[in-house]
>>> print(open('target_11.txt').read())   # compact mmCIF, C-alpha atoms
# COMPACT_ATOMS: atom_id res chain seq x y z
CA MET E 13 -55.61 -43.42 -82.64
CA SER E 14 -58.22 -41.88 -80.37
CA SER E 15 -60.73 -44.61 -81.25
CA LEU E 16 -58.06 -47.16 -80.30
CA ASP E 17 -57.65 -45.35 -76.99
CA ALA E 18 -61.40 -45.42 -76.46
CA ALA E 19 -61.49 -49.13 -77.21
CA TRP E 20 -58.71 -49.70 -74.63
CA VAL E 21 -60.50 -47.63 -72.00
CA TYR E 22 -63.61 -49.72 -72.55
CA LEU E 23 -61.73 -53.01 -72.58
CA SER E 24 -59.57 -52.38 -69.52
CA SER E 25 -62.61 -51.60 -67.39
CA SER E 26 -64.48 -54.71 -68.52
CA PRO E 27 -64.06 -58.03 -66.66
CA LEU E 28 -63.76 -59.75 -70.05
CA TRP E 29 -60.23 -58.47 -70.61
CA HIS E 30 -58.69 -59.87 -67.41
CA LEU E 31 -60.68 -63.09 -67.70
CA THR E 32 -59.42 -63.60 -71.26
CA LEU E 33 -55.89 -62.61 -70.22
CA THR E 34 -55.98 -65.34 -67.53
CA LEU E 35 -57.13 -67.97 -70.03
CA LEU E 36 -54.64 -66.91 -72.72
CA ALA E 37 -51.72 -66.87 -70.26
CA PHE E 38 -52.69 -70.33 -69.03
CA GLN E 39 -53.13 -71.75 -72.56
CA PHE E 40 -49.69 -70.49 -73.47
CA SER E 41 -48.15 -71.89 -70.25
CA ALA E 42 -49.86 -75.26 -70.75
CA TRP E 43 -48.53 -75.32 -74.33
CA LEU E 44 -45.01 -74.59 -73.02
CA ALA E 45 -45.35 -77.36 -70.42
CA ALA E 46 -46.52 -79.82 -73.09
CA ARG E 47 -43.60 -78.84 -75.35
CA SER E 48 -41.19 -79.53 -72.48
CA GLY E 49 -42.71 -83.03 -72.17
CA GLN E 50 -44.53 -82.01 -68.93
CA HIS E 51 -41.19 -81.33 -67.25
CA PRO E 52 -41.86 -80.88 -63.49
CA LEU E 53 -40.01 -77.54 -63.40
CA VAL E 54 -42.11 -75.99 -66.21
CA ASN E 55 -45.13 -75.32 -63.99
CA PRO E 56 -48.12 -73.75 -65.80
CA VAL E 57 -49.41 -71.94 -62.67
CA MET E 58 -46.06 -70.25 -62.05
CA ILE E 59 -45.56 -69.23 -65.69
CA SER E 60 -49.15 -67.92 -65.97
CA VAL E 61 -48.75 -65.85 -62.79
CA LEU E 62 -45.49 -64.30 -64.07
CA ILE E 63 -47.00 -63.47 -67.49
CA ILE E 64 -50.11 -61.90 -65.95
CA ILE E 65 -48.14 -59.81 -63.42
CA ALA E 66 -45.94 -58.57 -66.29
CA VAL E 67 -49.02 -57.54 -68.32
CA LEU E 68 -50.69 -55.89 -65.29
CA THR E 69 -47.51 -53.94 -64.57
CA VAL E 70 -47.18 -52.74 -68.17
CA THR E 71 -50.87 -51.70 -68.33
CA SER E 72 -50.69 -50.31 -64.73
CA ALA E 73 -53.71 -52.29 -63.56
CA ASP E 74 -54.02 -53.17 -59.86
CA TYR E 75 -54.96 -56.53 -58.36
CA PRO E 76 -58.61 -55.73 -57.43
CA THR E 77 -59.23 -54.63 -61.05
CA TYR E 78 -57.65 -57.86 -62.30
CA PHE E 79 -59.65 -59.95 -59.84
CA ASP E 80 -62.94 -58.44 -61.11
CA GLY E 81 -62.39 -60.48 -64.25
CA ALA E 82 -60.42 -63.41 -62.83
CA GLN E 83 -62.96 -64.15 -60.08
CA PHE E 84 -65.00 -66.20 -62.55
CA VAL E 85 -62.11 -68.65 -62.81
CA HIS E 86 -61.36 -68.46 -59.06
CA PHE E 87 -64.99 -69.29 -58.27
CA LEU E 88 -64.69 -72.70 -59.95
CA LEU E 89 -62.28 -73.87 -57.20
CA GLY E 90 -65.27 -74.78 -55.00
CA PRO E 91 -67.15 -76.92 -57.57
CA ALA E 92 -63.84 -78.53 -58.63
CA THR E 93 -63.19 -79.53 -55.01
CA VAL E 94 -66.65 -81.14 -54.86
CA ALA E 95 -65.95 -82.91 -58.18
CA LEU E 96 -62.92 -84.64 -56.60
CA ALA E 97 -65.48 -87.06 -55.15
CA VAL E 98 -65.70 -88.72 -58.59
CA PRO E 99 -62.07 -89.93 -58.97
CA LEU E 100 -62.12 -90.71 -55.25
CA TYR E 101 -65.12 -92.99 -55.70
CA ARG E 102 -63.46 -94.72 -58.68
CA GLN E 103 -60.49 -95.59 -56.45
CA PHE E 104 -62.65 -96.43 -53.46
CA VAL E 105 -61.64 -100.12 -53.28
CA VAL E 106 -57.95 -99.27 -52.95
CA VAL E 107 -58.68 -96.35 -50.61
CA ARG E 108 -60.89 -98.43 -48.28
CA ARG E 109 -58.30 -101.16 -47.78
CA SER E 110 -55.66 -98.60 -46.90
CA LEU E 111 -57.77 -96.39 -44.66
CA LEU E 112 -55.69 -96.77 -41.47
CA ALA E 113 -52.43 -96.26 -43.39
CA ILE E 114 -53.93 -93.16 -45.01
CA LEU E 115 -55.07 -91.62 -41.73
CA VAL E 116 -51.76 -92.21 -39.93
CA SER E 117 -49.71 -90.92 -42.88
CA ILE E 118 -51.80 -87.77 -43.29
CA VAL E 119 -51.83 -86.86 -39.58
CA CYS E 120 -48.02 -87.27 -39.44
CA GLY E 121 -47.70 -85.33 -42.71
CA SER E 122 -49.87 -82.49 -41.38
CA LEU E 123 -47.79 -82.26 -38.17
CA THR E 124 -44.54 -82.34 -40.17
CA ALA E 125 -45.75 -79.58 -42.48
CA THR E 126 -46.85 -77.15 -39.77
CA VAL E 127 -44.16 -77.82 -37.13
CA SER E 128 -41.25 -77.75 -39.58
CA ALA E 129 -42.47 -74.58 -41.32
CA VAL E 130 -43.05 -72.67 -38.06
CA GLY E 131 -39.84 -74.05 -36.52
CA ILE E 132 -37.64 -73.01 -39.44
CA GLY E 133 -39.42 -69.67 -39.80
CA ALA E 134 -39.01 -68.83 -36.09
CA TRP E 135 -35.36 -69.94 -36.13
CA LEU E 136 -34.64 -67.60 -39.05
CA GLY E 137 -36.37 -64.66 -37.36
CA ALA E 138 -39.86 -64.36 -38.88
CA ASP E 139 -42.29 -62.32 -36.77
CA ILE E 140 -45.40 -63.82 -35.18
CA SER E 141 -47.97 -62.74 -37.77
CA THR E 142 -45.72 -64.05 -40.56
CA LEU E 143 -45.32 -67.38 -38.73
CA LEU E 144 -49.09 -67.63 -38.35
CA SER E 145 -49.52 -66.97 -42.05
CA LEU E 146 -46.89 -69.61 -42.87
CA ALA E 147 -48.19 -72.39 -40.60
CA PRO E 148 -51.08 -73.72 -42.77
CA LYS E 149 -49.11 -73.46 -46.05
CA SER E 150 -49.76 -77.10 -47.08
CA VAL E 151 -53.55 -76.74 -46.76
CA THR E 152 -55.83 -75.90 -49.69
CA THR E 153 -56.24 -72.10 -50.13
CA PRO E 154 -59.76 -71.44 -48.73
CA VAL E 155 -59.14 -73.53 -45.57
CA ALA E 156 -55.64 -72.17 -45.04
CA MET E 157 -56.94 -68.59 -45.22
CA GLY E 158 -59.67 -69.47 -42.71
CA ILE E 159 -57.15 -70.98 -40.26
CA THR E 160 -54.84 -67.95 -40.52
CA GLU E 161 -57.68 -65.52 -39.99
CA GLN E 162 -58.87 -67.42 -36.91
CA LEU E 163 -55.34 -67.36 -35.39
CA GLY E 164 -54.64 -63.71 -36.24
CA GLY E 165 -52.27 -63.89 -39.22
CA ILE E 166 -52.51 -62.28 -42.68
CA PRO E 167 -54.90 -64.37 -44.85
CA SER E 168 -53.78 -62.99 -48.23
CA LEU E 169 -50.11 -63.65 -47.36
CA THR E 170 -51.18 -67.22 -46.55
CA ALA E 171 -52.79 -67.51 -49.99
CA ILE E 172 -49.45 -66.68 -51.62
CA LEU E 173 -47.45 -69.08 -49.43
CA VAL E 174 -50.00 -71.82 -50.11
CA ILE E 175 -49.61 -71.34 -53.85
CA VAL E 176 -45.81 -71.25 -53.70
CA THR E 177 -45.93 -74.44 -51.60
CA GLY E 178 -48.24 -76.02 -54.18
CA ILE E 179 -45.99 -75.15 -57.10
CA LEU E 180 -42.92 -76.36 -55.21
CA GLY E 181 -44.52 -79.66 -54.18
CA ALA E 182 -45.97 -80.24 -57.65
CA SER E 183 -42.68 -79.56 -59.41
CA LEU E 184 -40.05 -80.99 -57.00
CA GLY E 185 -42.25 -83.49 -55.10
CA PRO E 186 -42.13 -86.23 -57.78
CA LEU E 187 -38.32 -85.90 -58.08
CA VAL E 188 -37.85 -86.07 -54.28
CA LEU E 189 -40.17 -89.09 -54.00
CA SER E 190 -38.24 -90.96 -56.68
CA ALA E 191 -34.96 -90.11 -54.95
CA ALA E 192 -36.39 -91.39 -51.63
CA GLY E 193 -37.49 -94.67 -53.27
CA VAL E 194 -41.25 -94.11 -53.04
CA ALA E 195 -42.50 -95.80 -56.22
CA ASN E 196 -46.06 -96.79 -55.30
CA PRO E 197 -48.49 -94.44 -57.10
CA ALA E 198 -50.94 -94.35 -54.18
CA ALA E 199 -48.18 -93.35 -51.73
CA ARG E 200 -46.81 -90.77 -54.19
CA GLY E 201 -50.27 -89.23 -54.68
CA LEU E 202 -50.94 -89.15 -50.94
CA ALA E 203 -47.59 -87.46 -50.23
CA ILE E 204 -48.05 -84.80 -52.92
CA GLY E 205 -51.65 -84.07 -51.91
CA THR E 206 -50.72 -83.74 -48.21
CA ALA E 207 -47.76 -81.43 -48.84
CA SER E 208 -49.09 -79.40 -51.77
CA HIS E 209 -52.93 -79.60 -51.83
CA GLY E 210 -54.78 -78.86 -55.11
CA ILE E 211 -51.82 -77.75 -57.20
CA GLY E 212 -50.08 -81.02 -56.32
CA THR E 213 -53.34 -82.88 -57.03
CA ALA E 214 -53.64 -81.27 -60.47
CA ARG E 215 -50.12 -82.53 -61.20
CA ALA E 216 -50.76 -86.01 -59.73
CA MET E 217 -53.94 -86.30 -61.81
CA GLN E 218 -51.87 -85.86 -64.98
CA VAL E 219 -49.50 -88.67 -63.96
CA SER E 220 -52.08 -91.32 -63.05
CA GLU E 221 -55.67 -91.56 -61.87
CA VAL E 222 -54.62 -93.57 -58.79
CA ALA E 223 -52.12 -90.89 -57.76
CA GLY E 224 -54.72 -88.19 -58.51
CA ALA E 225 -57.43 -89.83 -56.39
CA PHE E 226 -55.12 -90.37 -53.40
CA SER E 227 -53.82 -86.84 -53.76
CA GLY E 228 -57.35 -85.41 -53.78
CA LEU E 229 -58.23 -87.45 -50.71
CA ALA E 230 -55.03 -86.31 -48.95
CA MET E 231 -55.84 -82.69 -49.75
CA GLY E 232 -59.29 -83.01 -48.14
CA LEU E 233 -58.15 -84.97 -45.08
CA ASN E 234 -55.09 -82.77 -44.51
CA ALA E 235 -57.36 -79.71 -44.58
CA ILE E 236 -59.47 -81.29 -41.83
CA ALA E 237 -56.46 -82.54 -39.83
CA THR E 238 -54.65 -79.19 -39.93
CA ALA E 239 -57.78 -77.15 -39.21
CA VAL E 240 -58.32 -79.21 -36.05
CA MET E 241 -54.70 -79.63 -34.87
CA LEU E 242 -53.03 -76.32 -35.71
CA PRO E 243 -55.09 -74.07 -33.38
CA LEU E 244 -54.49 -76.56 -30.51
CA LEU E 245 -50.74 -76.76 -31.20
CA TRP E 246 -50.50 -72.99 -31.46
CA ARG E 247 -52.16 -72.46 -28.07
CA LEU E 248 -49.89 -75.11 -26.56
CA PHE E 249 -46.60 -73.57 -27.71
CA PHE E 250 -47.12 -69.85 -28.32
CA ALA E 251 -50.05 -68.57 -26.30
CA MET A 20 -74.75 -82.01 -68.09
CA LEU A 21 -76.65 -79.07 -66.58
CA GLY A 22 -78.28 -81.44 -64.11
CA MET A 23 -74.87 -82.68 -62.95
CA LEU A 24 -73.52 -79.13 -62.66
CA THR A 25 -76.53 -78.31 -60.52
CA LEU A 26 -75.86 -81.39 -58.39
CA ILE A 27 -72.27 -80.26 -57.75
CA PHE A 28 -73.41 -76.75 -56.82
CA VAL A 29 -76.10 -78.15 -54.52
CA CYS A 30 -73.49 -80.32 -52.74
CA GLN A 31 -71.26 -77.27 -52.29
CA LEU A 32 -74.16 -75.15 -51.10
CA ILE A 33 -75.25 -77.72 -48.50
CA GLY A 34 -71.60 -77.96 -47.42
CA GLU A 35 -71.28 -74.18 -47.01
CA VAL A 36 -74.56 -73.98 -45.09
CA LEU A 37 -73.59 -76.86 -42.77
CA VAL A 38 -70.20 -75.27 -42.07
CA ALA A 39 -71.79 -71.91 -41.26
CA ALA A 40 -74.57 -73.46 -39.17
CA ILE A 41 -72.51 -75.88 -37.04
CA GLY A 42 -69.23 -73.95 -37.14
CA LEU A 43 -67.25 -76.87 -38.60
CA PRO A 44 -63.51 -76.10 -38.91
CA VAL A 45 -63.57 -77.34 -42.53
CA PRO A 46 -64.33 -75.48 -45.79
CA GLY A 47 -67.75 -75.92 -47.36
CA PRO A 48 -66.49 -77.45 -50.64
CA VAL A 49 -64.69 -80.23 -48.69
CA VAL A 50 -67.97 -81.08 -46.93
CA GLY A 51 -69.63 -80.96 -50.38
CA MET A 52 -67.05 -83.44 -51.66
CA VAL A 53 -67.82 -85.81 -48.77
CA LEU A 54 -71.57 -85.48 -49.48
CA LEU A 55 -71.17 -86.27 -53.20
CA PHE A 56 -68.88 -89.17 -52.33
CA CYS A 57 -71.50 -90.61 -49.94
CA GLY A 58 -74.14 -90.16 -52.64
CA LEU A 59 -72.02 -92.13 -55.13
CA CYS A 60 -71.47 -94.90 -52.56
CA ILE A 61 -75.24 -95.17 -52.00
CA LYS A 62 -76.03 -95.12 -55.72
CA GLY A 63 -73.31 -97.68 -56.48
CA ASP A 64 -71.94 -96.15 -59.69
CA THR A 65 -71.03 -92.84 -61.31
CA PRO A 66 -73.50 -91.43 -63.89
CA PRO A 67 -71.56 -90.95 -67.18
CA ALA A 68 -72.63 -87.28 -67.41
CA LEU A 69 -71.22 -86.62 -63.92
CA ALA A 70 -67.96 -88.42 -64.78
CA LYS A 71 -67.60 -86.31 -67.93
CA LEU A 72 -68.24 -83.05 -66.08
CA ALA A 73 -65.90 -83.93 -63.18
CA ASP A 74 -63.11 -84.98 -65.56
CA GLY A 75 -63.58 -81.74 -67.50
CA LEU A 76 -63.33 -79.59 -64.35
CA LEU A 77 -60.39 -81.53 -62.91
CA SER A 78 -58.32 -81.79 -66.08
CA ASN A 79 -57.84 -78.01 -65.89
CA LEU A 80 -57.52 -77.75 -62.12
CA SER A 81 -54.21 -75.83 -62.32
CA LEU A 82 -55.90 -72.92 -64.12
CA LEU A 83 -58.15 -72.28 -61.12
CA PHE A 84 -55.17 -71.36 -58.89
CA VAL A 85 -53.88 -68.63 -61.21
CA PRO A 86 -56.09 -65.71 -60.00
CA ALA A 87 -55.07 -66.24 -56.32
CA GLY A 88 -51.44 -66.69 -57.41
CA VAL A 89 -51.37 -63.28 -59.10
CA GLY A 90 -52.12 -61.88 -55.61
CA VAL A 91 -48.38 -62.24 -54.90
CA MET A 92 -48.10 -58.70 -56.28
CA LEU A 93 -49.85 -57.41 -53.13
CA HIS A 94 -47.22 -58.79 -50.77
CA VAL A 95 -43.95 -57.65 -52.25
CA GLY A 96 -43.26 -55.72 -48.99
CA VAL A 97 -43.52 -58.55 -46.46
CA LEU A 98 -41.95 -60.98 -48.88
CA GLY A 99 -39.01 -58.60 -49.32
CA GLU A 100 -38.44 -58.13 -45.57
CA GLN A 101 -38.88 -61.74 -44.49
CA TRP A 102 -37.84 -63.58 -47.63
CA LEU A 103 -35.25 -65.76 -45.86
CA PRO A 104 -37.45 -67.44 -43.19
CA LEU A 105 -40.35 -67.69 -45.64
CA SER A 106 -38.44 -69.22 -48.54
CA VAL A 107 -36.35 -71.63 -46.42
CA GLY A 108 -39.43 -72.53 -44.32
CA VAL A 109 -41.61 -73.25 -47.34
CA PHE A 110 -38.88 -75.07 -49.27
CA VAL A 111 -37.56 -77.39 -46.54
CA SER A 112 -40.93 -78.02 -44.90
CA THR A 113 -42.66 -78.92 -48.18
CA LEU A 114 -40.02 -81.40 -49.30
CA VAL A 115 -39.69 -82.98 -45.82
CA THR A 116 -43.50 -83.36 -45.69
CA VAL A 117 -43.53 -85.07 -49.10
CA ILE A 118 -40.85 -87.55 -47.99
CA VAL A 119 -42.33 -88.28 -44.53
CA THR A 120 -45.86 -88.83 -45.88
CA GLY A 121 -44.79 -90.87 -48.91
CA LYS A 122 -42.36 -93.11 -47.00
CA LEU A 123 -44.86 -93.70 -44.20
CA MET A 124 -47.73 -94.51 -46.60
CA GLN A 125 -45.60 -96.88 -48.67
CA ARG A 126 -44.54 -98.75 -45.52
CA LEU A 127 -48.01 -98.88 -43.92
CA MET A 128 -50.09 -99.76 -47.01
CA PRO A 129 -51.56 -103.27 -46.97
CA ARG A 130 -49.65 -105.49 -49.40
CA GLU A 131 -52.58 -106.50 -51.61
CA ALA A 132 -53.73 -102.87 -51.99
CA ALA A 133 -50.22 -101.84 -53.02
CA ASP A 134 -50.07 -104.67 -55.57
CA GLU A 135 -53.48 -103.91 -57.03
CA SER A 136 -52.89 -100.27 -57.81
CA PRO A 137 -51.62 -100.08 -61.40
CA SER A 138 -48.43 -98.09 -61.84
>>> encode(input="target_11.txt", output="C-alpha cells")
Amino acid sequence: MSSLDAAWVYLSSSPLWHLTLTLLAFQFSAWLAARSGQHPLVNPVMISVLIIIAVLTVTSADYPTYFDGAQFVHFLLGPATVALAVPLYRQFVVVRRSLLAILVSIVCGSLTATVSAVGIGAWLGADISTLLSLAPKSVTTPVAMGITEQLGGIPSLTAILVIVTGILGASLGPLVLSAAGVANPAARGLAIGTASHGIGTARAMQVSEVAGAFSGLAMGLNAIATAVMLPLLWRLFFA
Amino acid sequence: MLGMLTLIFVCQLIGEVLVAAIGLPVPGPVVGMVLLFCGLCIKGDTPPALAKLADGLLSNLSLLFVPAGVGVMLHVGVLGEQWLPLSVGVFVSTLVTVIVTGKLMQRLMPREAADESPS
C-alpha cells in the first residue's frame, strides 16, 4: 500500500500524468462522439473538460499543477494555426473569387458578435470588467486574451467565454444555419469560423474541406477585424 | 516531416517577432499563417510532407482547446455571480452572429464560386 502511495506521489507531481489524462479524456470523448454519429451536441471538448475537472477535483489537484502537464498540448495551438494555411491554399481559387463577399461578411459578423454580446450583457447587469472580458468572445483564444488585457478586462475569464462560445457555435451553429436556409458549404464554414473560431473550425473541418478552409480563414480575419475595431468601438461608447 | 515541422515553427516565430517588433494588433500565429500561405502561393503547390503534417495537426484541432477549457474551474466565482448576462450574452450573440454571417455570405458570394464548391 505504501509503495502504491509513493508511486502516486511521484506520478501526481510529474507532468506526464496530466498530459496523459488530457489525451485519455479526449480519446474517450472522441470515441463517444463517433458512437453518436458525430452528433453536434456530443462535443468532445466539452466532455473532455468535464471529465478532467472531475478527476482533478477527486485527486484535489489545482489548475496550475494540471497545466504543467497540459501545456504541451496547449502549445500546439500556435503551430496548428500556422498549418491552417495549407487547407486555405487548397481552397484558394474559391476564396479568391469571393474575397469581397468574405471581407464584408466577416466585418459585419465581427460587429454583430461584439455589439450584441456587450449589449445583452450590459442590459442584464454585467459589470464593466465582465463586459470587457465578454466582448471578444468570438475571437480565437490568444487574440481574445490580448484584446481583453489591452482594454482592462480579465484575460482568463475571456479564455473561458471564448471556449464556451466555440463549443456553442460548433454544436448549435450547423443546426441554426440549416434552419436559416444557409446550405452553401463555404458560407456555412465562414459563419462558423467567424462566430466560433478554432473550435468551430475543427468541427467544420470534419464536415467538409471547403467549410473547414473558409472557417479557418474566417477565424484569422475575424481576429484581425475584432482586434482593430473593438478598441475603437469601446472608446466611442464607454470611455 | 521534421523539415516541415521546422518550417511551421519558423513561420510562427517570424510572426511572433514581427508582432512584438511592430506592435501589430494580431497574434503571431495568425501572421505565421499568412506567411506560410504567401509561401505556398509563390511556390505554386503544397509539398506532400507539409500536407501530411498539416492534416495531422488539424484533424485533432479540438484536443488543443482542452487545457484552456479546464481553466473554467478558476472562474466559478464570477461565473456564479454573473451567470445570467454571461450565458444569455454568449448564447444569443453567438447564434445571431452565425446567422448574420452565413446569410450575408450566401447572398454576396459570386454565383460561379458558389456553384463550384462541392457540397
>>> residues_around(input="target_11.txt", residues="Pro197 of chain E", least_positions_apart="2", cutoff="10 Å", atoms="all atoms listed in the file", output="ChimeraX atom specification")
/E:194-195,199-203,216,219-224,226-227 /A:121,125,133,136-138
>>> residues_near_point(input="target_11.txt", point="(-64.0, -73.3, -51.3)", cutoff="7 Å", atoms="all atoms listed in the file", output="PyMOL selection string")
(chain E and resi 89-90+154) or (chain A and resi 46-48)
>>> closest_residue(input="target_11.txt", among="A:Val97, A:Ile27, A:Leu114, A:Val53", to="Leu143 of chain E", atoms="all atoms listed in the file")
A:Val97
>>> closest_residue(input="target_11.txt", among="E:Ile118, E:Leu112, E:Leu169, E:Leu53", to="Ser183 of chain E", atoms="only C-alpha atoms")
E:Leu53
>>> atom_distance(input="target_11.txt", atom1="atom CA of Ala156 of chain E", atom2="atom CA of Leu54 of chain A")
21.2 Å
>>> atom_distance(input="target_11.txt", atom1="atom CA of Leu88 of chain E", atom2="atom CA of Leu31 of chain E")
13.0 Å
>>> closest_residue(input="target_11.txt", among="E:Leu187, E:Leu229, E:Ala171, E:Val107", to="His94 of chain A", atoms="all atoms listed in the file")
E:Ala171
>>> residues_near_point(input="target_11.txt", point="(-54.5, -99.8, -48.4)", cutoff="6 Å", atoms="all atoms listed in the file", output="list in words")
Val106, Val107, Arg109 and Ser110 of chain E; Met128, Pro129 and Ala132 of chain A
>>> closest_residue(input="target_11.txt", among="A:Gly63, A:Gly96, A:Gly108, A:Gly75", to="chain E", atoms="all atoms listed in the file")
A:Gly108
>>> residues_around(input="target_11.txt", residues="Thr65 of chain A", least_positions_apart="5", cutoff="10 Å", atoms="all atoms listed in the file", output="MDAnalysis selection string")
(chainID E and resid 98:99 101:102) or (chainID A and resid 56 58:60 70:71)
>>> write_last_selection(input="target_11.txt", atoms="C-alpha atoms", output="mmCIF file, in the frame of the given file")
data_model
loop_
_atom_site.group_PDB
_atom_site.id
_atom_site.type_symbol
_atom_site.label_atom_id
_atom_site.label_comp_id
_atom_site.auth_asym_id
_atom_site.auth_seq_id
_atom_site.Cartn_x
_atom_site.Cartn_y
_atom_site.Cartn_z
ATOM 1 C CA VAL E 98 -65.700 -88.720 -58.590
ATOM 2 C CA PRO E 99 -62.070 -89.930 -58.970
ATOM 3 C CA TYR E 101 -65.120 -92.990 -55.700
ATOM 4 C CA ARG E 102 -63.460 -94.720 -58.680
ATOM 5 C CA PHE A 56 -68.880 -89.170 -52.330
ATOM 6 C CA GLY A 58 -74.140 -90.160 -52.640
ATOM 7 C CA LEU A 59 -72.020 -92.130 -55.130
ATOM 8 C CA CYS A 60 -71.470 -94.900 -52.560
ATOM 9 C CA ALA A 70 -67.960 -88.420 -64.780
ATOM 10 C CA LYS A 71 -67.600 -86.310 -67.930
#
>>> closest_residue(input="target_11.txt", among="A:Val89, A:Glu100, A:Phe110, A:Ser81", to="Gln218 of chain E", atoms="all atoms listed in the file")
A:Ser81
>>> closest_residue(input="target_11.txt", among="E:Gly193, E:Pro91, E:Gly205, E:Gly164", to="Lys122 of chain A", atoms="all atoms listed in the file")
E:Gly193
>>> decode(input="target_11.txt", residues="segment 30-90 of chain A", atoms="C-alpha atoms", output="PDB file, in the first residue's frame")
ATOM      1  CA  CYS A  30       6.717  30.868 -39.712  1.00  0.00           C
ATOM      2  CA  GLN A  31       5.249  31.182 -36.218  1.00  0.00           C
ATOM      3  CA  LEU A  32       8.494  32.555 -34.826  1.00  0.00           C
ATOM      4  CA  ILE A  33       8.778  35.216 -37.552  1.00  0.00           C
ATOM      5  CA  GLY A  34       5.118  36.060 -36.906  1.00  0.00           C
ATOM      6  CA  GLU A  35       5.691  36.463 -33.153  1.00  0.00           C
ATOM      7  CA  VAL A  36       8.802  38.587 -33.712  1.00  0.00           C
ATOM      8  CA  LEU A  37       7.031  40.835 -36.251  1.00  0.00           C
ATOM      9  CA  VAL A  38       4.080  41.322 -33.891  1.00  0.00           C
ATOM     10  CA  ALA A  39       6.372  42.237 -31.000  1.00  0.00           C
ATOM     11  CA  ALA A  40       8.572  44.498 -33.135  1.00  0.00           C
ATOM     12  CA  ILE A  41       5.871  46.489 -34.968  1.00  0.00           C
ATOM     13  CA  GLY A  42       3.152  46.183 -32.314  1.00  0.00           C
ATOM     14  CA  LEU A  43       0.628  44.595 -34.702  1.00  0.00           C
ATOM     15  CA  PRO A  44      -2.797  44.063 -33.064  1.00  0.00           C
ATOM     16  CA  VAL A  45      -2.814  40.442 -34.327  1.00  0.00           C
ATOM     17  CA  PRO A  46      -1.438  37.246 -32.744  1.00  0.00           C
ATOM     18  CA  GLY A  47       1.874  35.887 -34.006  1.00  0.00           C
ATOM     19  CA  PRO A  48       0.490  32.533 -35.234  1.00  0.00           C
ATOM     20  CA  VAL A  49      -2.043  34.360 -37.478  1.00  0.00           C
ATOM     21  CA  VAL A  50       0.828  36.321 -39.061  1.00  0.00           C
ATOM     22  CA  GLY A  51       2.673  32.978 -39.385  1.00  0.00           C
ATOM     23  CA  MET A  52      -0.341  31.533 -41.199  1.00  0.00           C
ATOM     24  CA  VAL A  53      -0.332  34.465 -43.645  1.00  0.00           C
ATOM     25  CA  LEU A  54       3.426  33.984 -44.230  1.00  0.00           C
ATOM     26  CA  LEU A  55       3.072  30.248 -44.941  1.00  0.00           C
ATOM     27  CA  PHE A  56       0.115  30.972 -47.204  1.00  0.00           C
ATOM     28  CA  CYS A  57       2.162  33.518 -49.199  1.00  0.00           C
ATOM     29  CA  GLY A  58       4.998  30.980 -49.427  1.00  0.00           C
ATOM     30  CA  LEU A  59       2.618  28.359 -50.866  1.00  0.00           C
ATOM     31  CA  CYS A  60       1.273  30.885 -53.394  1.00  0.00           C
ATOM     32  CA  ILE A  61       4.827  31.681 -54.546  1.00  0.00           C
ATOM     33  CA  LYS A  62       5.830  28.015 -54.734  1.00  0.00           C
ATOM     34  CA  GLY A  63       2.633  27.084 -56.576  1.00  0.00           C
ATOM     35  CA  ASP A  64       1.867  23.794 -54.809  1.00  0.00           C
ATOM     36  CA  THR A  65       1.866  22.131 -51.390  1.00  0.00           C
ATOM     37  CA  PRO A  66       4.756  19.717 -50.648  1.00  0.00           C
ATOM     38  CA  PRO A  67       3.186  16.309 -49.760  1.00  0.00           C
ATOM     39  CA  ALA A  68       5.112  16.158 -46.448  1.00  0.00           C
ATOM     40  CA  LEU A  69       3.690  19.550 -45.428  1.00  0.00           C
ATOM     41  CA  ALA A  70       0.160  18.491 -46.415  1.00  0.00           C
ATOM     42  CA  LYS A  71       0.505  15.330 -44.321  1.00  0.00           C
ATOM     43  CA  LEU A  72       1.785  17.223 -41.287  1.00  0.00           C
ATOM     44  CA  ALA A  73      -0.869  19.964 -41.544  1.00  0.00           C
ATOM     45  CA  ASP A  74      -3.674  17.417 -41.928  1.00  0.00           C
ATOM     46  CA  GLY A  75      -2.329  15.515 -38.918  1.00  0.00           C
ATOM     47  CA  LEU A  76      -2.253  18.649 -36.737  1.00  0.00           C
ATOM     48  CA  LEU A  77      -5.651  19.900 -37.896  1.00  0.00           C
ATOM     49  CA  SER A  78      -7.529  16.606 -37.703  1.00  0.00           C
ATOM     50  CA  ASN A  79      -7.100  16.774 -33.913  1.00  0.00           C
ATOM     51  CA  LEU A  80      -7.579  20.518 -33.535  1.00  0.00           C
ATOM     52  CA  SER A  81     -10.318  20.113 -30.886  1.00  0.00           C
ATOM     53  CA  LEU A  82      -7.876  18.430 -28.486  1.00  0.00           C
ATOM     54  CA  LEU A  83      -5.732  21.571 -28.357  1.00  0.00           C
ATOM     55  CA  PHE A  84      -8.531  23.608 -26.726  1.00  0.00           C
ATOM     56  CA  VAL A  85      -8.996  21.222 -23.802  1.00  0.00           C
ATOM     57  CA  PRO A  86      -6.228  22.576 -21.473  1.00  0.00           C
ATOM     58  CA  ALA A  87      -7.566  26.182 -21.696  1.00  0.00           C
ATOM     59  CA  GLY A  88     -11.120  24.868 -21.285  1.00  0.00           C
ATOM     60  CA  VAL A  89     -10.278  23.184 -17.984  1.00  0.00           C
ATOM     61  CA  GLY A  90      -9.425  26.718 -16.753  1.00  0.00           C
TER      62      GLY A  90
END
